[in-house]
There are 2 protein chains.
Amino acid sequence: MDTPPVVGRRERKKAATRQAIADAALELFLERGYDRVSIRDIAEAADVSTTTLFKHFPGKEALVFDQEEDREAELIAAVRQRPAGQGIVGALREHVLASRLRVATHPLRTEFTDLVDSTPALQEYAERMWTRHTAALSAAIADDAGVSHDNIACRALARFVLDIPVLTRGLRDPRTAVEEVFDLLTHGWHLPSQRLHVHNGD
Amino acid sequence: MDTPPVVGRRERKKAATRQAIADAALELFLERGYDRVSIRDIAEAADVSTTTLFKHFPGKEALVFDQEEDREAELIAAVRQRPAGQGIVGALREHVLASRLRVATHPLRTEFTDLVDSTPALQEYAERMWTRHTAALSAAIADDAGVSHDNIACRALARFVLDIPVLTRGLRDPRTAVEEVFDLLTHGWHLPSQRLHVHNGD
DNA sequence: TAAAAAAGTGCAATTGGTCCACTAATTGTC
DNA sequence: GACAATTAGTGGACCAATTGCACTTTTTTA
């Protein structure tokens with residue numbers, strides 16, 4: 001009568017434990033701040049041993065970033081499933097703008113963002129995780145463009161696009177900044193003299 | 001009768017201690033490998049307490065990268081003191097190519113490079129240190145171009161240029177790869193259809 | 001020459017992370 | 001349904017990096 005156990009009890013329990021740990025961690029972090037919470041505190045709160053905790057997460061920072069694979073998948077999807085007639089760079093531009101907007105307007109994520117922004121260790125980790133998507137994005141671009149996976153133009157484009165969120169963090173007008181950098185990527189820094197062509201002279 | 005103490009004894013001794021620590025560390029690392037050497041080993045070899053060691057270096061990785069300020073200064077100098085008539089991007093291109101060549105051909109640095117390449121913790125640290133120069137390089141570019149320090153085009157250029165060494169690491173023909181990425185930075189990814197313009201088709 | 005400044009010491013404590021031998025639940029199999 | 005192989009979880013000892021603290025010694029400075 002029950003739904004057939006497509007996924008066994010074991011896996012379900014494992015997932016539950018993992019979730020309990022992640023939940024406990026986030027709650028404590030938000031409450032006390034990242035470095036005022038020890039691994040042992042978290043294990044305690046989730047009622048598991050520290051050994052178990054480390055079987056689910058490779059390190060303390062990883063407790064905070066639980067869903068990076070999803071972000072990577074979205075990135076790839078933005079390239080692969082873009083509307084017909086749209087270029088790769090254009091698709092990435094829209095994806096970057098959209099995700100920035102999503103984060104900025106989602107009030108629930110505010111405290112999460114604050115946590116990361118106020119903790120150097122987490123900022124670093126986030127950045128490292130993010131640029132680690134370079135290989136996957138580069139591969140997706142190469143596939144789509146019909147060139148080899150190790151094509152340098154693809155790798156560079158992937159890396160530079162992934163840099164953009166970091167590059168435009170904390171600006172008065174992030175949207176414009178993102179657009180501007182994408183324009184630069186599209187048209188290049190063609191400076192006949194020594195002058196950079198810039199839109200907002202500030 | 002002695003040379004006047006332009007720099008006092010204290011500072012000299014301090015510098016000597018620091019150097020002794022760095023030397024001991026490098027020697028041990030090259031001999032045994034990074035993670036088979038403990039901080040205590042190093043302190044012991046340099047004949048100081050671990051407390052003293054940490055007063056000179058903020059962490060274990062920092063023992064290996066002692067001269068990052070010099071690299072940053074070279075970077076800035078490459079922009080500021082470039083030959084008349086040369087553009088900023090051109091100057092950076094030559095600087096990147098030159099430093100890559102310098103490292104690649106200096107046989108003494110080979111074992112050092114091997115050490116870093118074979119130690120994930122050091123690779124990460126190196127990359128982090130390197131991209132930390134973004135702000136300084138960006139400021140230098142902005143000054144030179146006569147725009148505001150927080151100009152986004154300058155920040156983006158600085159960041160992307162600093163990405164190039166890591167982007168082109170371990171390729172069969174790094175020189176060509178570097179040139180190619182600089183070409184892309186100069187002319188942009190102008191893709192009317194979905195096609196990337198690439199020189200080497202694989 | 002007195003005293004402020006700063007380098008260095010020794011040691012205990014904290015903390016992230018690993019190791020290992022062991023229990024117990026789950027699963028696949030006959 | 002019993003049995004053996006997996007595998008999640010345990011608990012606690014253990015390691016190494018890093019910090020804090022109270023203290024000594026040297027150098028500088030007034």
# chains A, B, ... in the order shown; residues from 1 in each chain; ligands from 1
$ select_by_dssp --residues "chain B" --states "alpha helix (DSSP H)" --output "ChimeraX atom specification"
/B:9-32,39-46,50-56,68-80,88-105,108-117,120-131,134-145,152-167,174-187
$ interface_residues --of "chain A" --to "chain D" --cutoff "10 Å" --atoms "only C-alpha atoms (C1' of nucleotides)" --output "mmCIF file with N, CA, C and O atoms, in the first residue's frame"
data_model
loop_
_atom_site.group_PDB
_atom_site.id
_atom_site.type_symbol
_atom_site.label_atom_id
_atom_site.label_comp_id
_atom_site.auth_asym_id
_atom_site.auth_seq_id
_atom_site.Cartn_x
_atom_site.Cartn_y
_atom_site.Cartn_z
ATOM 1 N N ARG A 10 17.525 2.933 4.221
ATOM 2 C CA ARG A 10 18.879 3.370 4.577
ATOM 3 C C ARG A 10 19.187 4.757 4.011
ATOM 4 O O ARG A 10 19.579 5.664 4.728
ATOM 5 N N GLU A 11 18.957 4.885 2.714
ATOM 6 C CA GLU A 11 19.282 6.160 2.076
ATOM 7 C C GLU A 11 18.451 7.296 2.635
ATOM 8 O O GLU A 11 18.923 8.418 2.787
ATOM 9 N N LYS A 13 17.230 7.496 5.683
ATOM 10 C CA LYS A 13 17.757 7.847 6.998
ATOM 11 C C LYS A 13 19.044 8.650 6.877
ATOM 12 O O LYS A 13 19.277 9.623 7.596
ATOM 13 N N LYS A 14 19.861 8.233 5.945
ATOM 14 C CA LYS A 14 21.116 8.943 5.751
ATOM 15 C C LYS A 14 20.844 10.392 5.389
ATOM 16 O O LYS A 14 21.432 11.323 5.957
ATOM 17 N N THR A 17 19.691 12.336 8.396
ATOM 18 C CA THR A 17 20.795 12.701 9.279
ATOM 19 C C THR A 17 21.547 13.904 8.717
ATOM 20 O O THR A 17 21.826 14.881 9.414
ATOM 21 N N VAL A 48 24.567 13.733 16.895
ATOM 22 C CA VAL A 48 25.402 12.728 16.233
ATOM 23 C C VAL A 48 26.832 12.912 16.742
ATOM 24 O O VAL A 48 27.133 13.896 17.418
ATOM 25 N N SER A 49 27.679 11.983 16.411
ATOM 26 C CA SER A 49 29.083 12.133 16.791
ATOM 27 C C SER A 49 29.814 12.984 15.753
ATOM 28 O O SER A 49 29.373 13.107 14.612
ATOM 29 N N THR A 50 30.919 13.563 16.156
ATOM 30 C CA THR A 50 31.658 14.398 15.193
ATOM 31 C C THR A 50 32.139 13.533 14.027
ATOM 32 O O THR A 50 32.224 13.996 12.895
ATOM 33 N N THR A 51 32.444 12.289 14.308
ATOM 34 C CA THR A 51 32.855 11.384 13.235
ATOM 35 C C THR A 51 31.776 11.312 12.163
ATOM 36 O O THR A 51 32.058 11.400 10.964
ATOM 37 N N THR A 52 30.555 11.137 12.603
ATOM 38 C CA THR A 52 29.441 11.071 11.658
ATOM 39 C C THR A 52 29.330 12.365 10.865
ATOM 40 O O THR A 52 29.151 12.351 9.647
ATOM 41 N N LEU A 53 29.436 13.470 11.568
ATOM 42 C CA LEU A 53 29.356 14.754 10.886
ATOM 43 C C LEU A 53 30.339 14.822 9.721
ATOM 44 O O LEU A 53 29.991 15.200 8.603
ATOM 45 N N LYS A 55 31.553 12.466 8.119
ATOM 46 C CA LYS A 55 31.268 11.525 7.036
ATOM 47 C C LYS A 55 30.271 12.125 6.060
ATOM 48 O O LYS A 55 30.130 11.679 4.938
#
$ closest_atom_pairs --of "chain B" --to "chain A" --cutoff "10 Å" --atoms "only C-alpha atoms" --output "JSON lines"
{"residue": "B:Ala84", "atom": "CA", "partner": "A:Gln194", "partner_atom": "CA", "distance": 9.9}
{"residue": "B:Gly85", "atom": "CA", "partner": "A:Ser193", "partner_atom": "CA", "distance": 7.5}
{"residue": "B:Gln86", "atom": "CA", "partner": "A:Gln194", "partner_atom": "CA", "distance": 7.5}
{"residue": "B:Gly87", "atom": "CA", "partner": "A:Gln194", "partner_atom": "CA", "distance": 5.0}
{"residue": "B:Ile88", "atom": "CA", "partner": "A:Gln194", "partner_atom": "CA", "distance": 6.3}
{"residue": "B:Val89", "atom": "CA", "partner": "A:Trp189", "partner_atom": "CA", "distance": 8.0}
{"residue": "B:Gly90", "atom": "CA", "partner": "A:Leu191", "partner_atom": "CA", "distance": 9.8}
{"residue": "B:Glu124", "atom": "CA", "partner": "A:Arg128", "partner_atom": "CA", "distance": 8.5}
{"residue": "B:Glu127", "atom": "CA", "partner": "A:Arg128", "partner_atom": "CA", "distance": 9.8}
{"residue": "B:Arg128", "atom": "CA", "partner": "A:Glu124", "partner_atom": "CA", "distance": 8.4}
{"residue": "B:Thr134", "atom": "CA", "partner": "A:Leu167", "partner_atom": "CA", "distance": 9.8}
{"residue": "B:Ile141", "atom": "CA", "partner": "A:Leu196", "partner_atom": "CA", "distance": 9.4}
{"residue": "B:Ala142", "atom": "CA", "partner": "A:Leu196", "partner_atom": "CA", "distance": 9.0}
{"residue": "B:Asp144", "atom": "CA", "partner": "A:Gln194", "partner_atom": "CA", "distance": 8.2}
{"residue": "B:Ala145", "atom": "CA", "partner": "A:Arg195", "partner_atom": "CA", "distance": 5.7}
{"residue": "B:Gly146", "atom": "CA", "partner": "A:Arg195", "partner_atom": "CA", "distance": 8.3}
{"residue": "B:Val147", "atom": "CA", "partner": "A:Gly201", "partner_atom": "CA", "distance": 6.9}
{"residue": "B:Ser148", "atom": "CA", "partner": "A:Asp202", "partner_atom": "CA", "distance": 6.5}
{"residue": "B:His149", "atom": "CA", "partner": "A:Asp202", "partner_atom": "CA", "distance": 9.5}
{"residue": "B:Asp150", "atom": "CA", "partner": "A:Asp202", "partner_atom": "CA", "distance": 8.5}
{"residue": "B:Asn151", "atom": "CA", "partner": "A:Asp202", "partner_atom": "CA", "distance": 7.4}
{"residue": "B:Ile152", "atom": "CA", "partner": "A:Ala177", "partner_atom": "CA", "distance": 6.7}
{"residue": "B:Ala153", "atom": "CA", "partner": "A:Val181", "partner_atom": "CA", "distance": 6.7}
{"residue": "B:Cys154", "atom": "CA", "partner": "A:Leu196", "partner_atom": "CA", "distance": 8.1}
{"residue": "B:Arg155", "atom": "CA", "partner": "A:Leu167", "partner_atom": "CA", "distance": 7.2}
{"residue": "B:Ala156", "atom": "CA", "partner": "A:Leu167", "partner_atom": "CA", "distance": 6.8}
{"residue": "B:Leu157", "atom": "CA", "partner": "A:Trp189", "partner_atom": "CA", "distance": 8.3}
{"residue": "B:Arg159", "atom": "CA", "partner": "A:Asp163", "partner_atom": "CA", "distance": 7.9}
{"residue": "B:Phe160", "atom": "CA", "partner": "A:Phe160", "partner_atom": "CA", "distance": 6.4}
{"residue": "B:Val161", "atom": "CA", "partner": "A:Phe160", "partner_atom": "CA", "distance": 9.8}
{"residue": "B:Asp163", "atom": "CA", "partner": "A:Arg159", "partner_atom": "CA", "distance": 8.0}
{"residue": "B:Ile164", "atom": "CA", "partner": "A:Ala156", "partner_atom": "CA", "distance": 8.0}
{"residue": "B:Leu167", "atom": "CA", "partner": "A:Ala156", "partner_atom": "CA", "distance": 6.8}
{"residue": "B:Thr168", "atom": "CA", "partner": "A:Ile152", "partner_atom": "CA", "distance": 7.8}
{"residue": "B:Leu171", "atom": "CA", "partner": "A:Asp150", "partner_atom": "CA", "distance": 9.4}
{"residue": "B:Ala177", "atom": "CA", "partner": "A:Ile152", "partner_atom": "CA", "distance": 6.7}
{"residue": "B:Val178", "atom": "CA", "partner": "A:Ile152", "partner_atom": "CA", "distance": 9.1}
{"residue": "B:Glu180", "atom": "CA", "partner": "A:Ala153", "partner_atom": "CA", "distance": 7.7}
{"residue": "B:Val181", "atom": "CA", "partner": "A:Ala153", "partner_atom": "CA", "distance": 6.8}
{"residue": "B:Phe182", "atom": "CA", "partner": "A:Gly188", "partner_atom": "CA", "distance": 9.7}
{"residue": "B:Asp183", "atom": "CA", "partner": "A:Gly188", "partner_atom": "CA", "distance": 8.7}
{"residue": "B:Leu184", "atom": "CA", "partner": "A:Gly188", "partner_atom": "CA", "distance": 7.0}
{"residue": "B:Leu185", "atom": "CA", "partner": "A:Gly188", "partner_atom": "CA", "distance": 5.2}
{"residue": "B:Thr186", "atom": "CA", "partner": "A:Gly188", "partner_atom": "CA", "distance": 4.6}
{"residue": "B:His187", "atom": "CA", "partner": "A:Gly188", "partner_atom": "CA", "distance": 4.3}
{"residue": "B:Gly188", "atom": "CA", "partner": "A:Gly188", "partner_atom": "CA", "distance": 3.8}
{"residue": "B:Trp189", "atom": "CA", "partner": "A:Thr186", "partner_atom": "CA", "distance": 4.7}
{"residue": "B:His190", "atom": "CA", "partner": "A:Thr186", "partner_atom": "CA", "distance": 5.3}
{"residue": "B:Leu191", "atom": "CA", "partner": "A:Gly87", "partner_atom": "CA", "distance": 7.0}
{"residue": "B:Pro192", "atom": "CA", "partner": "A:Gly87", "partner_atom": "CA", "distance": 7.4}
{"residue": "B:Ser193", "atom": "CA", "partner": "A:Gly87", "partner_atom": "CA", "distance": 6.3}
{"residue": "B:Gln194", "atom": "CA", "partner": "A:Gly87", "partner_atom": "CA", "distance": 5.0}
{"residue": "B:Arg195", "atom": "CA", "partner": "A:Ala145", "partner_atom": "CA", "distance": 5.7}
{"residue": "B:Leu196", "atom": "CA", "partner": "A:Ala145", "partner_atom": "CA", "distance": 6.5}
{"residue": "B:His197", "atom": "CA", "partner": "A:Ala153", "partner_atom": "CA", "distance": 8.2}
{"residue": "B:Val198", "atom": "CA", "partner": "A:Ala153", "partner_atom": "CA", "distance": 6.8}
{"residue": "B:His199", "atom": "CA", "partner": "A:Ala153", "partner_atom": "CA", "distance": 9.1}
{"residue": "B:Asn200", "atom": "CA", "partner": "A:Asn151", "partner_atom": "CA", "distance": 8.0}
{"residue": "B:Gly201", "atom": "CA", "partner": "A:Val147", "partner_atom": "CA", "distance": 6.7}
{"residue": "B:Asp202", "atom": "CA", "partner": "A:Ser148", "partner_atom": "CA", "distance": 5.1}
$ closest_atom_pairs --of "chain C" --to "chain B" --cutoff "10 Å" --atoms "only C-alpha atoms (C1' of nucleotides)" --output "CSV"
residue,atom,partner,partner_atom,distance
C:DA6,C1',B:Arg10,CA,8.8
C:DA7,C1',B:Lys14,CA,7.5
C:DG8,C1',B:Thr52,CA,6.3
C:DT9,C1',B:Ser49,CA,6.7
C:DG10,C1',B:Ser49,CA,8.2
$ residues_around --residues "A:Ala25" --least-positions-apart "3" --cutoff "7 Å" --atoms "only C-alpha atoms (C1' of nucleotides)" --output "ChimeraX atom specification"
/A:21-22,28-29,42,63
$ atom_distance --atom1 "atom CA of B:Phe57" --atom2 "atom CA of B:Ala136"
21.9 Å
$ atom_distance --atom1 "atom CA of A:Ile76" --atom2 "atom CA of A:Tyr125"
21.2 Å
$ atom_distance --atom1 "atom CA of A:Arg40" --atom2 "atom CA of A:Gly59"
12.5 Å
$ decode --residues "chain D" --atoms "C-alpha atoms (C1' of nucleotides)" --output "PDB file, in the first residue's frame"
ATOM      1  C1'  DG D   1      13.212 -16.798   7.326  1.00  0.00           C
ATOM      2  C1'  DA D   2      18.161 -17.158   8.345  1.00  0.00           C
ATOM      3  C1'  DC D   3      22.742 -15.517   7.097  1.00  0.00           C
ATOM      4  C1'  DA D   4      26.310 -12.842   5.385  1.00  0.00           C
ATOM      5  C1'  DA D   5      27.848  -8.579   3.413  1.00  0.00           C
ATOM      6  C1'  DT D   6      27.317  -3.570   3.577  1.00  0.00           C
ATOM      7  C1'  DT D   7      27.407   0.456   5.627  1.00  0.00           C
ATOM      8  C1'  DA D   8      25.803   4.335   8.983  1.00  0.00           C
ATOM      9  C1'  DG D   9      26.948   5.602  13.220  1.00  0.00           C
ATOM     10  C1'  DT D  10      29.700   5.497  17.772  1.00  0.00           C
ATOM     11  C1'  DG D  11      33.159   7.000  21.055  1.00  0.00           C
ATOM     12  C1'  DG D  12      37.189   8.327  22.264  1.00  0.00           C
ATOM     13  C1'  DA D  13      42.042   8.771  21.666  1.00  0.00           C
ATOM     14  C1'  DC D  14      44.913  11.480  18.935  1.00  0.00           C
ATOM     15  C1'  DC D  15      47.357  15.048  15.809  1.00  0.00           C
ATOM     16  C1'  DA D  16      48.561  19.555  14.308  1.00  0.00           C
ATOM     17  C1'  DA D  17      47.620  24.453  13.694  1.00  0.00           C
ATOM     18  C1'  DT D  18      46.751  28.410  16.097  1.00  0.00           C
ATOM     19  C1'  DT D  19      45.741  31.470  20.187  1.00  0.00           C
ATOM     20  C1'  DG D  20      46.234  33.400  24.835  1.00  0.00           C
ATOM     21  C1'  DC D  21      48.697  34.524  28.833  1.00  0.00           C
ATOM     22  C1'  DA D  22      52.032  35.661  32.022  1.00  0.00           C
ATOM     23  C1'  DC D  23      56.737  36.289  32.076  1.00  0.00           C
ATOM     24  C1'  DT D  24      61.934  37.402  30.784  1.00  0.00           C
ATOM     25  C1'  DT D  25      65.267  39.822  28.015  1.00  0.00           C
ATOM     26  C1'  DT D  26      66.879  43.134  24.922  1.00  0.00           C
ATOM     27  C1'  DT D  27      66.757  47.501  22.746  1.00  0.00           C
ATOM     28  C1'  DT D  28      65.328  52.060  22.411  1.00  0.00           C
ATOM     29  C1'  DT D  29      64.203  56.444  24.118  1.00  0.00           C
ATOM     30  C1'  DA D  30      63.637  60.190  27.181  1.00  0.00           C
TER      31       DA D  30
END
